[in-house]
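Visitor: Below are the structure tokens for one structure; questions will follow.
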There are 2 protein chains.
Amino acid sequence: MGKVFTQASVSLDGYISGPGQTGFDRLFAWCTAGTVATPTADPDRLTYRTSEATARYLRELQERIGACVVGRNLFDLTAGWNGRHPSGVPVFVVTHRPPPAGWEATTTSFTFVSDGVENAIARAREVAGHRDVGVGPGGTVADALNAGLLDELRMDIVPVVLGAGTPMLTGLGDTAPIGFDPAEIIEGIGVTHLIYRRATQNLR
Amino acid sequence: MGKVFTQASVSLDGYISGPGQTGFDRLFAWCTAGTVATPTADPDRLTYRTSEATARYLRELQERIGACVVGRNLFDLTAGWNGRHPSGVPVFVVTHRPPPAGWEATTTSFTFVSDGVENAIARAREVAGHRDVGVGPGGTVADALNAGLLDELRMDIVPVVLGAGTPMLTGLGDTAPIGFDPAEIIEGIGVTHLIYRRATQNLR
């Protein structure tokens, strides 16, 4: 069975967006700061251009991901990625509301799950099989951590202080502190990729 | 002239202490997770035992530091380090209040500065000469960043999620976003040291 992970570009003060949905130019500058091309499933919209080390990190992710779980806020903020999630894999949207009027997925399968993140992850795992499930970013990450379901944190640390905004990790309640094992450090251009695995003594 | 830096052990979610001053066992576990000894100025209270790479990082800090600027909260929380700051260098305490009754520094010079962090840093710089000035951790770090006086961030990233507590970087107001240049990554045991220098295009 694959693992459940989250990945996010995060500022030095822990934000995945600045105040009022700002800061994305800084947070995602590393995605096009190099010369090695890594196409996404929607290469017209985004082809990464990075260092070779970052390209390897991205290719490994792309090869391993089998399904995604996202929150409704992110879905709405991105307008459902115009029906094409950049991962190219089936997406499970955790929501209590129906899809937007006229919603149509063009190239990715989207499933709206109304009974919580645990069930969304279970259904994503079924679809992903031996491959991995990506969760978040956003509130679904805390839900997955609180449920003891997150195996791996991937933080793309960007050298900017945003001062305020949306934290990568928030809303954890009584499950913290949660220990991780440092797994890997990959130095990119304008980014440091840190990979952590859930510490075995914390697994529930 | 030396540089002005801050250094802190910080959780994956950006906290230098957990809720209610907890989490220090996790945040400082790396200080004694190895075998290479690095004594502080108060070796009976703390001698670091780390990897060789972390020991080099700590020795470089010790050799370069010439003065410290700390906030009154930290001073009170540590009971003024019982009169012996572990750095062994002169300490400038930013405060509007007089020293505690009966206060006596035993081996480190402490100066109480009532006219703000900028003046405290200026006085610390004078004393430090060509050596560096350490600021914080705590609210003084934001004050120094807001004043454009912080040259370097040293984050000792610890693989734990604390969920809540005291952020390393908070209270920045309108000076954010603030860009940094990635300078160095040092992998230790249970810690990753990330060193960032203020980006030249941001210097004021």
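Residues are named by chain letter and number: chains run A, B, ... in the order of the structure tokens, numbers start at 1 in each chain, and ligands are numbered from 1 in the order shown.
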Quick check: residues of chain B within 7 Å of chain A, only C-alpha atoms, returned as a list in words.
Guide: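 Filtering chain B at 7 Å from chain A with only C-alpha atoms gives Asp13, Gly14, Pro159, Val160, Val161, Leu162, Gly163, Leu169, Thr170, Leu172, Gly173, Ala176, Pro177, Ile178, Gly179, Phe180, Asp181, Pro182 and Gly190 of chain B.
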Visitor: The selected residues should be written to file as a short mmCIF file (atom, residue, chain, number, x, y, z; two decimals), in the first residue's frame (atoms: all heavy atoms).
Guide:
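This is the output file out.cif:
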```cif
data_model
loop_
_atom_site.label_atom_id
_atom_site.label_comp_id
_atom_site.auth_asym_id
_atom_site.auth_seq_id
_atom_site.Cartn_x
_atom_site.Cartn_y
_atom_site.Cartn_z
N ASP B 13 6.10 23.44 12.41
CA ASP B 13 5.05 24.44 12.25
C ASP B 13 5.46 25.81 12.79
O ASP B 13 4.62 26.67 13.00
CB ASP B 13 3.70 23.98 12.81
CG ASP B 13 3.77 23.30 14.18
OD1 ASP B 13 4.89 23.05 14.66
OD2 ASP B 13 2.71 23.05 14.76
N GLY B 14 6.78 26.01 13.00
CA GLY B 14 7.29 27.35 13.22
C GLY B 14 7.28 27.87 14.64
O GLY B 14 7.42 29.08 14.86
N PRO B 159 12.19 18.00 13.90
CA PRO B 159 11.09 17.26 13.25
C PRO B 159 9.94 16.93 14.19
O PRO B 159 9.65 15.77 14.46
CB PRO B 159 11.78 15.99 12.73
CG PRO B 159 12.93 15.78 13.64
CD PRO B 159 13.39 17.16 14.05
N VAL B 160 9.31 17.98 14.69
CA VAL B 160 8.11 17.78 15.51
C VAL B 160 7.10 18.86 15.13
O VAL B 160 7.48 19.98 14.78
CB VAL B 160 8.45 17.85 17.01
CG1 VAL B 160 8.93 19.24 17.42
CG2 VAL B 160 7.26 17.43 17.87
N VAL B 161 5.83 18.49 15.16
CA VAL B 161 4.74 19.45 14.98
C VAL B 161 4.17 19.73 16.36
O VAL B 161 3.71 18.82 17.04
CB VAL B 161 3.66 18.87 14.03
CG1 VAL B 161 2.45 19.78 13.98
CG2 VAL B 161 4.22 18.67 12.63
N LEU B 162 4.25 21.00 16.80
CA LEU B 162 3.79 21.34 18.16
C LEU B 162 2.32 21.77 18.19
O LEU B 162 1.70 21.75 19.25
CB LEU B 162 4.67 22.42 18.77
CG LEU B 162 6.11 21.96 19.10
CD1 LEU B 162 6.94 23.14 19.61
CD2 LEU B 162 6.11 20.84 20.13
N GLY B 163 1.79 22.22 17.07
CA GLY B 163 0.35 22.51 17.00
C GLY B 163 -0.04 23.91 17.41
O GLY B 163 -0.99 24.47 16.89
N LEU B 169 8.71 33.72 14.28
CA LEU B 169 8.63 34.97 13.54
C LEU B 169 7.19 35.45 13.56
O LEU B 169 6.32 34.85 12.94
CB LEU B 169 9.08 34.75 12.10
CG LEU B 169 10.54 34.29 11.93
CD1 LEU B 169 10.77 33.78 10.52
CD2 LEU B 169 11.49 35.44 12.24
N THR B 170 6.92 36.52 14.26
CA THR B 170 5.55 37.03 14.34
C THR B 170 5.61 38.53 14.64
O THR B 170 6.63 39.04 15.07
CB THR B 170 4.75 36.26 15.42
OG1 THR B 170 3.37 36.61 15.31
CG2 THR B 170 5.23 36.58 16.82
N LEU B 172 5.21 41.06 12.40
CA LEU B 172 6.04 41.77 11.43
C LEU B 172 5.36 42.98 10.79
O LEU B 172 6.04 43.85 10.28
CB LEU B 172 6.50 40.82 10.34
CG LEU B 172 7.56 39.86 10.87
CD1 LEU B 172 7.83 38.77 9.86
CD2 LEU B 172 8.83 40.63 11.20
N GLY B 173 4.04 42.99 10.78
CA GLY B 173 3.37 44.15 10.21
C GLY B 173 3.70 44.35 8.75
O GLY B 173 3.82 43.39 7.99
N ALA B 176 6.76 42.85 5.95
CA ALA B 176 6.75 41.63 5.14
C ALA B 176 6.08 41.91 3.80
O ALA B 176 5.24 42.81 3.73
CB ALA B 176 6.00 40.53 5.89
N PRO B 177 6.35 41.14 2.72
CA PRO B 177 7.31 40.04 2.69
C PRO B 177 8.77 40.50 2.70
O PRO B 177 9.09 41.56 2.15
CB PRO B 177 6.99 39.32 1.37
CG PRO B 177 6.35 40.35 0.50
CD PRO B 177 5.65 41.30 1.43
N ILE B 178 9.61 39.71 3.32
CA ILE B 178 11.04 39.99 3.42
C ILE B 178 11.79 38.80 2.83
O ILE B 178 11.63 37.67 3.30
CB ILE B 178 11.46 40.19 4.89
CG1 ILE B 178 10.61 41.29 5.55
CG2 ILE B 178 12.94 40.52 4.98
CD1 ILE B 178 10.81 41.37 7.06
N GLY B 179 12.59 39.07 1.83
CA GLY B 179 13.30 37.99 1.15
C GLY B 179 14.66 37.71 1.75
O GLY B 179 15.34 38.62 2.25
N PHE B 180 15.06 36.45 1.70
CA PHE B 180 16.37 36.03 2.17
C PHE B 180 17.06 35.22 1.08
O PHE B 180 16.39 34.67 0.20
CB PHE B 180 16.25 35.18 3.44
CG PHE B 180 15.91 35.98 4.66
CD1 PHE B 180 14.60 36.37 4.91
CD2 PHE B 180 16.89 36.38 5.54
CE1 PHE B 180 14.28 37.13 6.02
CE2 PHE B 180 16.58 37.14 6.65
CZ PHE B 180 15.28 37.52 6.89
N ASP B 181 18.38 35.17 1.17
CA ASP B 181 19.13 34.28 0.29
C ASP B 181 19.48 33.03 1.08
O ASP B 181 19.98 33.13 2.20
CB ASP B 181 20.43 34.96 -0.18
CG ASP B 181 20.15 36.10 -1.14
OD1 ASP B 181 19.17 36.01 -1.91
OD2 ASP B 181 20.91 37.09 -1.12
N PRO B 182 19.23 31.86 0.50
CA PRO B 182 19.65 30.64 1.20
C PRO B 182 21.17 30.59 1.24
O PRO B 182 21.83 30.86 0.24
CB PRO B 182 19.08 29.52 0.32
CG PRO B 182 18.73 30.13 -0.98
CD PRO B 182 18.64 31.61 -0.80
N GLY B 190 18.69 14.72 14.37
CA GLY B 190 17.42 15.24 14.90
C GLY B 190 17.26 16.73 14.71
O GLY B 190 16.47 17.37 15.40
#
```
Visitor: Stretch 75-91 of chain B: which residues within 12 Å, counting only C-alpha atoms, same-chain residues fewer than 6 positions away excluded, as a PyMOL selection string?
Guide: chain B and resi 20-21+39-48+58-59+61-69+97-113+120-121+123-128+131-138+140
Visitor: Measure the distance from atom CA of B:Ser114 to atom CA of B:Gly148 in Å and round it to one decimal.
Guide: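 If I compute the distance from atom CA of B:Ser114 to atom CA of B:Gly148, I get 19.8 Å.
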Visitor: Here is a test: counting only C-alpha atoms, which residue of B:Thr6, B:Ile157, B:Leu150, B:His193 is nearest to B:Ala55?
Guide: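 For B:Ala55, the nearest of the candidates is B:His193.
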Visitor: Taking the backbone alone, and naming residues the way the document does, which bits of stretch 21-90 of chain B are helix (DSSP H, G or I) by DSSP, as a PyMOL selection string?
Guide: chain B and resi 24-27+29-32+52-64+72-77+79-83
Visitor: Just how far from atom CA of B:Glu152 is atom CA of A:Thr166, in Å to one decimal?
Guide: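 Going from atom CA of A:Thr166 over to atom CA of B:Glu152 covers 24.3 Å.
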Visitor: For the atom pair atom CA of B:Val94 and atom CA of B:Asp115, what is the interatomic distance in Å to one decimal place?
Guide: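 Atom-to-atom, atom CA of B:Val94 and atom CA of B:Asp115 are spaced 7.7 Å apart.
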Visitor: As JSON, numbers by chain, list the residues of stretch 43-79 of chain A assigned to strand (DSSP E or B) by DSSP on the backbone atoms of this structure.
Guide: {"A": [47, 48, 49, 50, 65, 66, 67, 68, 69, 70, 71]}
Visitor: Kindly export the residues of the current selection with N, CA, C and O atoms, as an mmCIF file, in the first residue's frame.
Guide:
```cif
data_model
loop_
_atom_site.group_PDB
_atom_site.id
_atom_site.type_symbol
_atom_site.label_atom_id
_atom_site.label_comp_id
_atom_site.auth_asym_id
_atom_site.auth_seq_id
_atom_site.Cartn_x
_atom_site.Cartn_y
_atom_site.Cartn_z
ATOM 1 N N THR A 47 4.820 23.836 -16.634
ATOM 2 C CA THR A 47 5.961 22.940 -16.764
ATOM 3 C C THR A 47 7.022 23.473 -15.806
ATOM 4 O O THR A 47 7.432 24.629 -15.907
ATOM 5 N N TYR A 48 7.394 22.644 -14.847
ATOM 6 C CA TYR A 48 8.445 23.065 -13.910
ATOM 7 C C TYR A 48 9.761 23.258 -14.658
ATOM 8 O O TYR A 48 10.073 22.494 -15.586
ATOM 9 N N ARG A 49 10.521 24.244 -14.248
ATOM 10 C CA ARG A 49 11.899 24.412 -14.736
ATOM 11 C C ARG A 49 12.772 24.655 -13.511
ATOM 12 O O ARG A 49 12.678 25.701 -12.872
ATOM 13 N N THR A 50 13.560 23.651 -13.185
ATOM 14 C CA THR A 50 14.243 23.640 -11.884
ATOM 15 C C THR A 50 15.669 23.131 -12.037
ATOM 16 O O THR A 50 16.140 22.879 -13.147
ATOM 17 N N ILE A 65 2.473 9.237 -7.221
ATOM 18 C CA ILE A 65 1.130 9.656 -6.794
ATOM 19 C C ILE A 65 0.048 8.894 -7.573
ATOM 20 O O ILE A 65 0.144 8.721 -8.790
ATOM 21 N N GLY A 66 -0.958 8.418 -6.812
ATOM 22 C CA GLY A 66 -2.042 7.673 -7.448
ATOM 23 C C GLY A 66 -3.406 8.307 -7.258
ATOM 24 O O GLY A 66 -4.355 7.978 -7.964
ATOM 25 N N ALA A 67 -3.514 9.215 -6.301
ATOM 26 C CA ALA A 67 -4.784 9.918 -6.058
ATOM 27 C C ALA A 67 -4.512 11.109 -5.139
ATOM 28 O O ALA A 67 -3.487 11.162 -4.466
ATOM 29 N N CYS A 68 -5.445 12.065 -5.131
ATOM 30 C CA CYS A 68 -5.336 13.270 -4.303
ATOM 31 C C CYS A 68 -6.584 13.449 -3.455
ATOM 32 O O CYS A 68 -7.687 13.128 -3.914
ATOM 33 N N VAL A 69 -6.396 14.026 -2.268
ATOM 34 C CA VAL A 69 -7.523 14.463 -1.449
ATOM 35 C C VAL A 69 -7.339 15.950 -1.193
ATOM 36 O O VAL A 69 -6.280 16.369 -0.710
ATOM 37 N N VAL A 70 -8.324 16.752 -1.553
ATOM 38 C CA VAL A 70 -8.222 18.205 -1.366
ATOM 39 C C VAL A 70 -9.463 18.716 -0.639
ATOM 40 O O VAL A 70 -10.501 18.065 -0.621
ATOM 41 N N GLY A 71 -9.329 19.894 -0.031
ATOM 42 C CA GLY A 71 -10.465 20.526 0.636
ATOM 43 C C GLY A 71 -11.277 21.368 -0.343
ATOM 44 O O GLY A 71 -10.805 21.721 -1.431
#
```
Visitor: Taking only C-alpha atoms into account, name the residue in A:Glu52, A:Gln7, A:Ala33, A:Glu118 that is nearest to A:Asn146.
Guide: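 Of all the options, A:Glu118 lies closest to A:Asn146.
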